[in-house]
file upload_14.cif (mmCIF, C-alpha atoms)
data_structure
loop_
_atom_site.group_PDB
_atom_site.id
_atom_site.type_symbol
_atom_site.label_atom_id
_atom_site.label_comp_id
_atom_site.auth_asym_id
_atom_site.auth_seq_id
_atom_site.Cartn_x
_atom_site.Cartn_y
_atom_site.Cartn_z
ATOM 1 C CA MET L 1 95.403 -42.799 26.867
ATOM 2 C CA ALA L 2 96.414 -39.154 27.049
ATOM 3 C CA ASP L 3 94.891 -37.259 29.943
ATOM 4 C CA ALA L 4 93.405 -33.887 29.118
ATOM 5 C CA HIS L 5 93.452 -31.630 32.173
ATOM 6 C CA ALA L 6 90.343 -29.589 32.814
ATOM 7 C CA THR L 7 90.807 -25.882 32.578
ATOM 8 C CA GLY L 8 88.804 -25.262 35.764
ATOM 9 C CA ALA L 9 90.383 -23.882 38.888
ATOM 10 C CA GLU L 10 90.292 -27.304 40.493
ATOM 11 C CA SER L 11 91.981 -29.785 38.179
ATOM 12 C CA GLU L 12 90.131 -32.598 39.905
ATOM 13 C CA HIS L 13 88.652 -33.675 36.608
ATOM 14 C CA LYS L 14 91.429 -35.326 34.687
ATOM 15 C CA HIS L 15 89.401 -36.957 32.040
ATOM 16 C CA PRO L 16 90.641 -39.198 29.269
ATOM 17 C CA ASN L 17 90.872 -38.099 25.678
ATOM 18 C CA TYR L 18 87.328 -38.946 24.615
ATOM 19 C CA MET L 19 88.018 -38.411 20.939
ATOM 20 C CA THR L 20 90.823 -40.980 21.025
ATOM 21 C CA VAL L 21 88.404 -43.490 22.510
ATOM 22 C CA PHE L 22 85.881 -42.576 19.814
ATOM 23 C CA TRP L 23 88.361 -43.230 17.007
ATOM 24 C CA TRP L 24 89.180 -46.632 18.490
ATOM 25 C CA LEU L 25 85.465 -47.452 18.760
ATOM 26 C CA LEU L 26 84.973 -46.347 15.168
ATOM 27 C CA ALA L 27 87.925 -48.445 13.986
ATOM 28 C CA PHE L 28 86.618 -51.539 15.755
ATOM 29 C CA THR L 29 83.126 -50.951 14.376
ATOM 30 C CA ILE L 30 84.521 -50.699 10.855
ATOM 31 C CA ILE L 31 86.384 -53.968 11.416
ATOM 32 C CA GLU L 32 83.142 -55.611 12.513
ATOM 33 C CA VAL L 33 81.165 -54.299 9.553
ATOM 34 C CA VAL L 34 83.826 -55.276 7.020
ATOM 35 C CA LEU L 35 83.995 -58.754 8.548
ATOM 36 C CA GLY L 36 80.220 -58.906 8.292
ATOM 37 C CA TRP L 37 80.336 -58.003 4.611
ATOM 38 C CA CYS L 38 82.946 -60.696 4.021
ATOM 39 C CA ALA L 39 81.164 -63.313 6.098
ATOM 40 C CA ALA L 40 80.078 -65.271 3.046
ATOM 41 C CA TYR L 41 83.707 -65.719 2.016
ATOM 42 C CA LEU L 42 84.875 -66.657 5.482
ATOM 43 C CA LYS L 43 82.746 -69.743 5.886
ATOM 44 C CA SER L 44 85.688 -72.066 6.411
ATOM 45 C CA TRP L 45 87.137 -69.729 9.025
ATOM 46 C CA ARG L 46 84.000 -69.588 11.113
ATOM 47 C CA PHE L 47 85.728 -70.092 14.444
ATOM 48 C CA ALA L 48 88.221 -67.305 13.757
ATOM 49 C CA TYR L 49 85.455 -65.062 12.422
ATOM 50 C CA VAL L 50 83.185 -65.505 15.459
ATOM 51 C CA SER L 51 86.085 -65.283 17.905
ATOM 52 C CA THR L 52 87.313 -62.058 16.346
ATOM 53 C CA LEU L 53 83.847 -60.542 16.507
ATOM 54 C CA LEU L 54 83.451 -61.561 20.139
ATOM 55 C CA ILE L 55 86.838 -60.157 21.121
ATOM 56 C CA VAL L 56 86.205 -56.908 19.246
ATOM 57 C CA ALA L 57 82.771 -56.575 20.873
ATOM 58 C CA ILE L 58 84.235 -57.122 24.330
ATOM 59 C CA ILE L 59 86.973 -54.570 23.663
ATOM 60 C CA LYS L 60 84.419 -52.004 22.503
ATOM 61 C CA ALA L 61 82.233 -52.643 25.516
ATOM 62 C CA GLY L 62 85.279 -52.410 27.762
ATOM 63 C CA LEU L 63 86.317 -49.081 26.240
ATOM 64 C CA VAL L 64 82.859 -47.615 26.775
ATOM 65 C CA ALA L 65 82.756 -48.881 30.349
ATOM 66 C CA ALA L 66 86.297 -47.850 31.249
ATOM 67 C CA TYR L 67 86.453 -44.403 29.675
ATOM 68 C CA PHE L 68 82.958 -43.110 28.963
ATOM 69 C CA MET L 69 81.505 -44.522 32.175
ATOM 70 C CA HIS L 70 84.759 -43.599 33.943
ATOM 71 C CA LEU L 71 85.094 -47.008 35.557
ATOM 72 C CA LYS L 72 88.844 -46.832 35.157
ATOM 73 C CA MET L 73 88.912 -43.671 37.252
ATOM 74 C CA GLU L 74 86.730 -45.051 40.016
ATOM 75 C CA ARG L 75 87.570 -47.290 42.919
ATOM 76 C CA ARG L 76 88.612 -50.783 41.867
ATOM 77 C CA LEU L 77 85.930 -52.227 44.106
ATOM 78 C CA LEU L 78 83.317 -50.683 41.829
ATOM 79 C CA THR L 79 84.834 -52.496 38.861
ATOM 80 C CA ALA L 80 84.699 -55.734 40.845
ATOM 81 C CA ILE L 81 81.039 -55.097 41.669
ATOM 82 C CA VAL L 82 80.267 -54.519 38.007
ATOM 83 C CA LEU L 83 82.198 -57.546 36.761
ATOM 84 C CA PHE L 84 80.511 -59.956 39.156
ATOM 85 C CA PRO L 85 77.166 -60.156 37.283
ATOM 86 C CA LEU L 86 79.073 -60.702 34.064
ATOM 87 C CA LEU L 87 80.674 -63.736 35.654
ATOM 88 C CA LEU L 88 77.197 -64.922 36.672
ATOM 89 C CA LEU L 89 76.009 -64.411 33.106
ATOM 90 C CA LEU L 90 78.842 -66.505 31.763
ATOM 91 C CA ILE L 91 77.867 -69.256 34.199
ATOM 92 C CA LEU L 92 74.225 -68.866 33.167
ATOM 93 C CA THR L 93 75.055 -69.212 29.488
ATOM 94 C CA LEU L 94 77.175 -72.290 30.107
ATOM 95 C CA ALA L 95 74.518 -73.736 32.395
ATOM 96 C CA LEU L 96 71.951 -73.488 29.620
ATOM 97 C CA LEU L 97 74.023 -75.373 27.085
ATOM 98 C CA PRO L 98 72.928 -78.870 28.216
ATOM 99 C CA ASP L 99 69.403 -77.762 27.326
ATOM 100 C CA ALA L 100 70.565 -76.858 23.855
ATOM 101 C CA SER L 101 69.474 -79.963 22.026
ATOM 102 C CA SER L 102 67.118 -80.186 19.098
ATOM 103 C CA PHE L 103 65.526 -83.239 20.717
ATOM 104 C CA ILE L 104 63.994 -81.007 23.367
ATOM 105 C CA TRP L 105 62.442 -78.256 21.323
ATOM 106 C CA SER L 106 62.168 -76.860 17.854
ATOM 107 C CA SER L 107 62.403 -73.236 16.851
ATOM 108 C CA MET L 108 58.943 -73.289 15.322
ATOM 109 C CA PRO L 109 55.860 -72.527 17.390
ATOM 110 C CA ALA L 110 53.752 -75.494 18.432
ATOM 111 C CA LYS L 111 50.889 -76.297 16.104
ATOM 112 C CA LYS L 112 47.516 -75.230 17.450
ATOM 113 C CA MET Z 1 80.255 -32.464 54.062
ATOM 114 C CA SER Z 2 81.213 -29.936 56.754
ATOM 115 C CA SER Z 3 83.453 -27.153 55.640
ATOM 116 C CA HIS Z 4 84.998 -26.569 59.068
ATOM 117 C CA SER Z 5 87.090 -29.256 60.690
ATOM 118 C CA THR Z 6 88.094 -29.456 64.286
ATOM 119 C CA ALA Z 7 90.618 -32.094 65.275
ATOM 120 C CA ALA Z 8 87.769 -34.332 66.497
ATOM 121 C CA THR Z 9 85.871 -33.951 63.262
ATOM 122 C CA MET Z 10 88.951 -34.835 61.300
ATOM 123 C CA GLU Z 11 89.269 -38.010 63.340
ATOM 124 C CA LEU Z 12 85.684 -38.933 62.513
ATOM 125 C CA GLU Z 13 86.100 -38.083 58.869
ATOM 126 C CA LYS Z 14 88.971 -40.512 58.618
ATOM 127 C CA LYS Z 15 86.521 -43.392 59.138
ATOM 128 C CA LEU Z 16 85.148 -43.205 55.646
ATOM 129 C CA THR Z 17 82.737 -45.807 54.387
ATOM 130 C CA PHE Z 18 82.407 -46.889 50.800
ATOM 131 C CA ALA Z 19 79.353 -44.689 50.442
ATOM 132 C CA ASP Z 20 81.544 -41.681 51.166
ATOM 133 C CA VAL Z 21 84.063 -42.368 48.445
ATOM 134 C CA VAL Z 22 81.558 -43.191 45.725
ATOM 135 C CA ASP Z 23 78.496 -40.998 45.371
ATOM 136 C CA TRP Z 24 75.451 -42.894 46.601
ATOM 137 C CA GLY Z 25 73.385 -42.091 43.525
ATOM 138 C CA LYS Z 26 76.180 -43.192 41.219
ATOM 139 C CA LEU Z 27 76.596 -46.476 43.097
ATOM 140 C CA MET Z 28 72.878 -47.138 42.940
ATOM 141 C CA MET Z 29 72.789 -46.488 39.217
ATOM 142 C CA TRP Z 30 75.657 -48.926 38.746
ATOM 143 C CA LEU Z 31 73.752 -51.542 40.748
ATOM 144 C CA PHE Z 32 70.676 -50.940 38.635
ATOM 145 C CA LEU Z 33 72.770 -51.306 35.481
ATOM 146 C CA CYS Z 34 74.158 -54.575 36.799
ATOM 147 C CA SER Z 35 70.630 -55.879 37.295
ATOM 148 C CA ASP Z 36 69.648 -54.630 33.850
ATOM 149 C CA ALA Z 37 72.690 -56.386 32.443
ATOM 150 C CA MET Z 38 71.343 -59.567 33.992
ATOM 151 C CA SER Z 39 68.030 -59.019 32.197
ATOM 152 C CA PHE Z 40 69.676 -58.540 28.835
ATOM 153 C CA GLY Z 41 72.102 -61.314 29.652
ATOM 154 C CA GLY Z 42 69.282 -63.704 30.404
ATOM 155 C CA LEU Z 43 67.731 -62.954 27.024
ATOM 156 C CA LEU Z 44 71.065 -63.333 25.271
ATOM 157 C CA ALA Z 45 71.860 -66.574 27.101
ATOM 158 C CA ALA Z 46 68.488 -67.985 26.043
ATOM 159 C CA TYR Z 47 69.184 -66.792 22.493
ATOM 160 C CA ALA Z 48 72.533 -68.593 22.551
ATOM 161 C CA ALA Z 49 71.023 -71.812 23.879
ATOM 162 C CA VAL Z 50 68.144 -71.910 21.389
ATOM 163 C CA ARG Z 51 70.286 -70.902 18.460
ATOM 164 C CA TYR Z 52 73.132 -73.252 19.262
ATOM 165 C CA GLN Z 53 70.980 -76.325 18.807
ATOM 166 C CA ASP Z 54 68.995 -75.174 15.831
ATOM 167 C CA ASN Z 55 70.160 -76.044 12.361
ATOM 168 C CA THR Z 56 67.242 -74.262 10.701
ATOM 169 C CA TRP Z 57 68.448 -70.828 11.835
ATOM 170 C CA PRO Z 58 68.406 -68.335 8.968
ATOM 171 C CA ASN Z 59 71.463 -66.259 8.176
ATOM 172 C CA PRO Z 60 70.992 -62.865 9.849
ATOM 173 C CA LEU Z 61 73.430 -61.292 7.425
ATOM 174 C CA GLU Z 62 71.010 -62.094 4.626
ATOM 175 C CA VAL Z 63 67.716 -61.542 6.407
ATOM 176 C CA LEU Z 64 68.601 -58.433 8.364
ATOM 177 C CA GLY Z 65 71.321 -56.698 6.419
ATOM 178 C CA ILE Z 66 73.944 -54.749 8.306
ATOM 179 C CA ASN Z 67 74.291 -51.445 6.487
ATOM 180 C CA LEU Z 68 71.523 -49.614 8.298
ATOM 181 C CA THR Z 69 72.532 -51.331 11.528
ATOM 182 C CA ALA Z 70 76.126 -50.178 11.079
ATOM 183 C CA LEU Z 71 74.842 -46.612 10.787
ATOM 184 C CA MET Z 72 72.733 -47.101 13.917
ATOM 185 C CA THR Z 73 75.762 -48.400 15.793
ATOM 186 C CA PHE Z 74 77.805 -45.408 14.646
ATOM 187 C CA ILE Z 75 75.097 -42.943 15.702
ATOM 188 C CA LEU Z 76 74.805 -44.502 19.133
ATOM 189 C CA ILE Z 77 78.569 -44.355 19.648
ATOM 190 C CA VAL Z 78 78.577 -40.698 18.582
ATOM 191 C CA SER Z 79 75.735 -40.022 21.022
ATOM 192 C CA SER Z 80 77.841 -41.567 23.789
ATOM 193 C CA VAL Z 81 80.633 -39.162 22.883
ATOM 194 C CA THR Z 82 78.281 -36.175 22.966
ATOM 195 C CA MET Z 83 76.938 -37.392 26.318
ATOM 196 C CA VAL Z 84 80.396 -37.592 27.856
ATOM 197 C CA LYS Z 85 81.269 -34.205 26.374
ATOM 198 C CA ALA Z 86 78.124 -32.799 27.983
ATOM 199 C CA LEU Z 87 79.393 -34.020 31.339
ATOM 200 C CA ALA Z 88 82.884 -32.658 30.700
ATOM 201 C CA SER Z 89 81.332 -29.296 29.804
ATOM 202 C CA ILE Z 90 79.390 -28.916 33.022
ATOM 203 C CA GLN Z 91 82.365 -30.137 35.043
ATOM 204 C CA ASN Z 92 84.110 -27.077 33.606
ATOM 205 C CA GLY Z 93 81.109 -24.914 34.437
ATOM 206 C CA ASP Z 94 80.095 -24.610 30.790
ATOM 207 C CA ARG Z 95 76.295 -24.679 30.933
ATOM 208 C CA LYS Z 96 75.854 -23.869 27.248
ATOM 209 C CA GLY Z 97 78.086 -26.786 26.285
ATOM 210 C CA LEU Z 98 76.136 -29.074 28.580
ATOM 211 C CA CYS Z 99 72.838 -28.171 26.931
ATOM 212 C CA ARG Z 100 74.252 -28.291 23.421
ATOM 213 C CA TYR Z 101 75.787 -31.734 23.845
ATOM 214 C CA LEU Z 102 72.792 -33.112 25.724
ATOM 215 C CA PHE Z 103 70.574 -31.927 22.877
ATOM 216 C CA LEU Z 104 72.804 -33.719 20.376
ATOM 217 C CA THR Z 105 72.627 -36.863 22.507
ATOM 218 C CA VAL Z 106 68.823 -36.719 22.521
ATOM 219 C CA LEU Z 107 68.890 -36.206 18.757
ATOM 220 C CA GLY Z 108 71.146 -39.226 18.324
ATOM 221 C CA GLY Z 109 68.775 -41.337 20.375
ATOM 222 C CA LEU Z 110 65.782 -40.193 18.356
ATOM 223 C CA PHE Z 111 67.608 -40.918 15.116
ATOM 224 C CA PHE Z 112 68.442 -44.414 16.370
ATOM 225 C CA LEU Z 113 64.791 -45.024 17.258
ATOM 226 C CA GLY Z 114 63.701 -43.756 13.859
ATOM 227 C CA CYS Z 115 66.068 -46.158 12.124
ATOM 228 C CA GLN Z 116 64.835 -48.976 14.343
ATOM 229 C CA ALA Z 117 61.215 -48.221 13.463
ATOM 230 C CA TYR Z 118 62.078 -48.094 9.778
ATOM 231 C CA GLU Z 119 63.966 -51.385 9.985
ATOM 232 C CA TRP Z 120 61.146 -53.116 11.848
ATOM 233 C CA THR Z 121 58.568 -51.888 9.339
ATOM 234 C CA HIS Z 122 60.688 -53.086 6.452
ATOM 235 C CA LEU Z 123 61.218 -56.522 8.034
ATOM 236 C CA ILE Z 124 57.585 -56.975 9.045
ATOM 237 C CA HIS Z 125 56.436 -56.141 5.537
ATOM 238 C CA GLY Z 126 58.981 -58.658 4.310
ATOM 239 C CA GLY Z 127 57.287 -61.308 6.412
ATOM 240 C CA LEU Z 128 59.441 -61.508 9.525
ATOM 241 C CA SER Z 129 57.201 -62.331 12.449
ATOM 242 C CA ALA Z 130 57.664 -62.527 16.196
ATOM 243 C CA TYR Z 131 55.279 -65.477 16.251
ATOM 244 C CA GLY Z 132 56.885 -67.743 13.704
ATOM 245 C CA HIS Z 133 60.395 -69.081 13.800
ATOM 246 C CA ALA Z 134 62.326 -68.315 16.972
ATOM 247 C CA PHE Z 135 64.714 -66.179 14.901
ATOM 248 C CA GLY Z 136 61.970 -63.597 14.527
ATOM 249 C CA SER Z 137 60.915 -63.835 18.170
ATOM 250 C CA PHE Z 138 64.416 -63.291 19.451
ATOM 251 C CA PHE Z 139 65.078 -60.486 16.976
ATOM 252 C CA PHE Z 140 62.029 -58.473 17.965
ATOM 253 C CA ILE Z 141 62.345 -59.181 21.686
ATOM 254 C CA LEU Z 142 66.043 -58.318 21.852
ATOM 255 C CA THR Z 143 65.914 -55.216 19.689
ATOM 256 C CA GLY Z 144 62.570 -54.202 21.140
ATOM 257 C CA PHE Z 145 63.712 -54.515 24.753
ATOM 258 C CA HIS Z 146 66.787 -52.512 23.853
ATOM 259 C CA GLY Z 147 64.682 -49.968 21.948
ATOM 260 C CA LEU Z 148 62.539 -49.473 25.043
ATOM 261 C CA HIS Z 149 65.699 -48.711 26.969
ATOM 262 C CA VAL Z 150 66.728 -46.181 24.333
ATOM 263 C CA THR Z 151 63.287 -44.574 24.561
ATOM 264 C CA GLY Z 152 63.606 -44.346 28.323
ATOM 265 C CA GLY Z 153 67.075 -42.884 27.908
ATOM 266 C CA VAL Z 154 65.839 -40.242 25.460
ATOM 267 C CA ILE Z 155 63.147 -39.200 27.950
ATOM 268 C CA TYR Z 156 65.648 -39.266 30.821
ATOM 269 C CA ASN Z 157 68.187 -37.154 28.911
ATOM 270 C CA SER Z 158 65.466 -34.732 27.845
ATOM 271 C CA ILE Z 159 64.551 -34.173 31.484
ATOM 272 C CA ILE Z 160 68.207 -33.583 32.378
ATOM 273 C CA LEU Z 161 68.440 -31.185 29.435
ATOM 274 C CA TYR Z 162 65.397 -29.320 30.673
ATOM 275 C CA LEU Z 163 66.858 -29.074 34.172
ATOM 276 C CA GLY Z 164 70.181 -28.035 32.663
ATOM 277 C CA LYS Z 165 68.537 -25.212 30.786
ATOM 278 C CA LYS Z 166 66.893 -24.088 34.014
ATOM 279 C CA GLY Z 167 70.343 -23.728 35.522
ATOM 280 C CA ARG Z 168 70.320 -26.572 37.996
ATOM 281 C CA TYR Z 169 73.805 -27.821 37.179
ATOM 282 C CA SER Z 170 77.206 -26.240 37.699
ATOM 283 C CA ALA Z 171 80.837 -27.187 38.086
ATOM 284 C CA ASN Z 172 80.043 -28.113 41.690
ATOM 285 C CA ARG Z 173 76.756 -29.840 40.990
ATOM 286 C CA TYR Z 174 76.717 -32.260 38.097
ATOM 287 C CA MET Z 175 76.210 -35.706 39.576
ATOM 288 C CA GLN Z 176 72.760 -36.122 38.013
ATOM 289 C CA VAL Z 177 74.294 -35.523 34.600
ATOM 290 C CA GLU Z 178 76.982 -38.103 35.262
ATOM 291 C CA ILE Z 179 74.396 -40.636 36.436
ATOM 292 C CA ALA Z 180 72.244 -40.056 33.344
ATOM 293 C CA GLY Z 181 75.402 -40.549 31.315
ATOM 294 C CA LEU Z 182 76.007 -43.912 32.954
ATOM 295 C CA TYR Z 183 72.567 -45.093 31.844
ATOM 296 C CA TRP Z 184 73.064 -43.840 28.302
ATOM 297 C CA HIS Z 185 76.490 -45.471 27.922
ATOM 298 C CA PHE Z 186 74.991 -48.716 29.186
ATOM 299 C CA VAL Z 187 72.388 -48.546 26.422
ATOM 300 C CA ASP Z 188 75.191 -48.060 23.890
ATOM 301 C CA LEU Z 189 77.169 -50.910 25.388
ATOM 302 C CA VAL Z 190 74.251 -53.334 25.183
ATOM 303 C CA TRP Z 191 73.683 -52.365 21.561
ATOM 304 C CA ILE Z 192 77.317 -53.174 20.787
ATOM 305 C CA LEU Z 193 76.645 -56.687 22.080
ATOM 306 C CA ILE Z 194 73.275 -57.098 20.362
ATOM 307 C CA PHE Z 195 74.750 -55.871 17.086
ATOM 308 C CA THR Z 196 77.430 -58.544 17.312
ATOM 309 C CA PHE Z 197 75.314 -61.462 18.498
ATOM 310 C CA VAL Z 198 72.131 -60.884 16.520
ATOM 311 C CA TYR Z 199 73.311 -59.363 13.265
ATOM 312 C CA LEU Z 200 76.824 -60.540 12.601
ATOM 313 C CA ILE Z 201 77.028 -64.209 13.477
ATOM 314 C CA PRO Z 202 76.021 -66.544 10.665
ATOM 315 C CA PRO Z 203 74.741 -70.018 11.373
ATOM 316 C CA ALA Z 204 77.161 -72.901 11.370
ATOM 317 C CA GLU Z 205 77.552 -74.865 8.192
ATOM 318 C CA GLN Z 206 74.500 -77.004 7.624
ATOM 319 C CA ALA Z 207 75.020 -80.723 7.429
ATOM 320 C CA VAL Z 208 73.235 -80.668 4.093
ATOM 321 C CA SER Z 209 74.414 -77.990 1.706
ATOM 322 C CA GLY Z 210 71.790 -75.482 0.585
#

call {"tool": "encode", "arguments": {"input": "upload_14.cif", "output": "structure tokens"}}
result
Amino acid sequence: MADAHATGAESEHKHPNYMTVFWWLLAFTIIEVVLGWCAAYLKSWRFAYVSTLLIVAIIKAGLVAAYFMHLKMERRLLTAIVLFPLLLLLILTLALLPDASSFIWSSMPAKK
Amino acid sequence: MSSHSTAATMELEKKLTFADVVDWGKLMMWLFLCSDAMSFGGLLAAYAAVRYQDNTWPNPLEVLGINLTALMTFILIVSSVTMVKALASIQNGDRKGLCRYLFLTVLGGLFFLGCQAYEWTHLIHGGLSAYGHAFGSFFFILTGFHGLHVTGGVIYNSIILYLGKKGRYSANRYMQVEIAGLYWHFVDLVWILIFTFVYLIPPAEQAVSG
């Protein structure tokens, strides 16, 4: 990403080109929306469709975190601190999967 | 931080702790955001588990529609850009730019909330309920919890805007703006995930066609 130097006396604030990041976010959003519109035709490619959406979502989230939240410009330890809960969340999601069985519950509320 | 350094002081200053290299307020906001991510993550993990095993799940692409949501996503991304431009402005000492971009960010948030309210009204009138099928429950809880965060962010940014107008911030004093920005970008980030998981993923092929 191109670095735009601040015009202040102290060029401490080298910040990324925010507009470049915006265009990438816009491009990825358009990809997601177009995929969504075509979802009905992509039924036999469900795995590819969902995987693509997940990857695009993670990239978008990563761009926002790295450049808008300036994580990339901070100490690496801060990035490690931030990534740790995400690892826990992944474990949580996987840990819940054994409970994902229609024998245990239904999605309808219990009858009164 | 002392502006005069004797040799002894310089020795002491070499023993920096983590709190000295990352602003304390910024670190604390990041920790809060991590805990908030766990809250959203818990909801999303539950959503995944319930949805994964349910073959009666309706198709969100048909029930919810994505056109308005795509606009909402776009507006939130734009508001993140205006927020980061507000910070860049005050880092350059540009107070007018700070206030202008913060105002636009607040506007973006309000527009998002308006769209959310409109969408909810439309869906509720169409019969979607938080008390029926789990699809409805998860939809309203996830988007509602997020919407509450947006509301909080709009209030938060409005306060920063007010303080900005009063002249509190400058090129040497902008950390509160940066911290508010962290919260707002987090709200945008969570929406990116909710948009993907709630609106865009159709159910798996049913065993029985229909």

call {"tool": "atom_distance", "arguments": {"input": "upload_14.cif", "atom1": "atom CA of Z:Ala130", "atom2": "atom CA of Z:His149"}}
result
19.3 Å

call {"tool": "atom_distance", "arguments": {"input": "upload_14.cif", "atom1": "atom CA of Z:Gly41", "atom2": "atom CA of L:Leu90"}}
result
8.8 Å

call {"tool": "residues_around", "arguments": {"input": "upload_14.cif", "residues": "stretch 12-24 of chain L", "least_positions_apart": "2", "cutoff": "12 Å", "atoms": "all atoms listed in the file", "output": "NGL selection string"}}
result
(:L and (1-10 or 26-31 or 56 or 59-74)) or (:Z and (74-93 or 171-172))

call {"tool": "interface_residues", "arguments": {"input": "upload_14.cif", "of": "chain L", "to": "chain Z", "cutoff": "6 Å", "atoms": "only C-alpha atoms", "output": "MDAnalysis selection string"}}
result
chainID L and resid 8 36 61 69 93 97 100:102 107:108

call {"tool": "closest_residue", "arguments": {"input": "upload_14.cif", "among": "Z:Met29, Z:Leu107, Z:Val63, Z:Val187", "to": "Z:His122", "atoms": "all atoms listed in the file"}}
result
Z:Val63
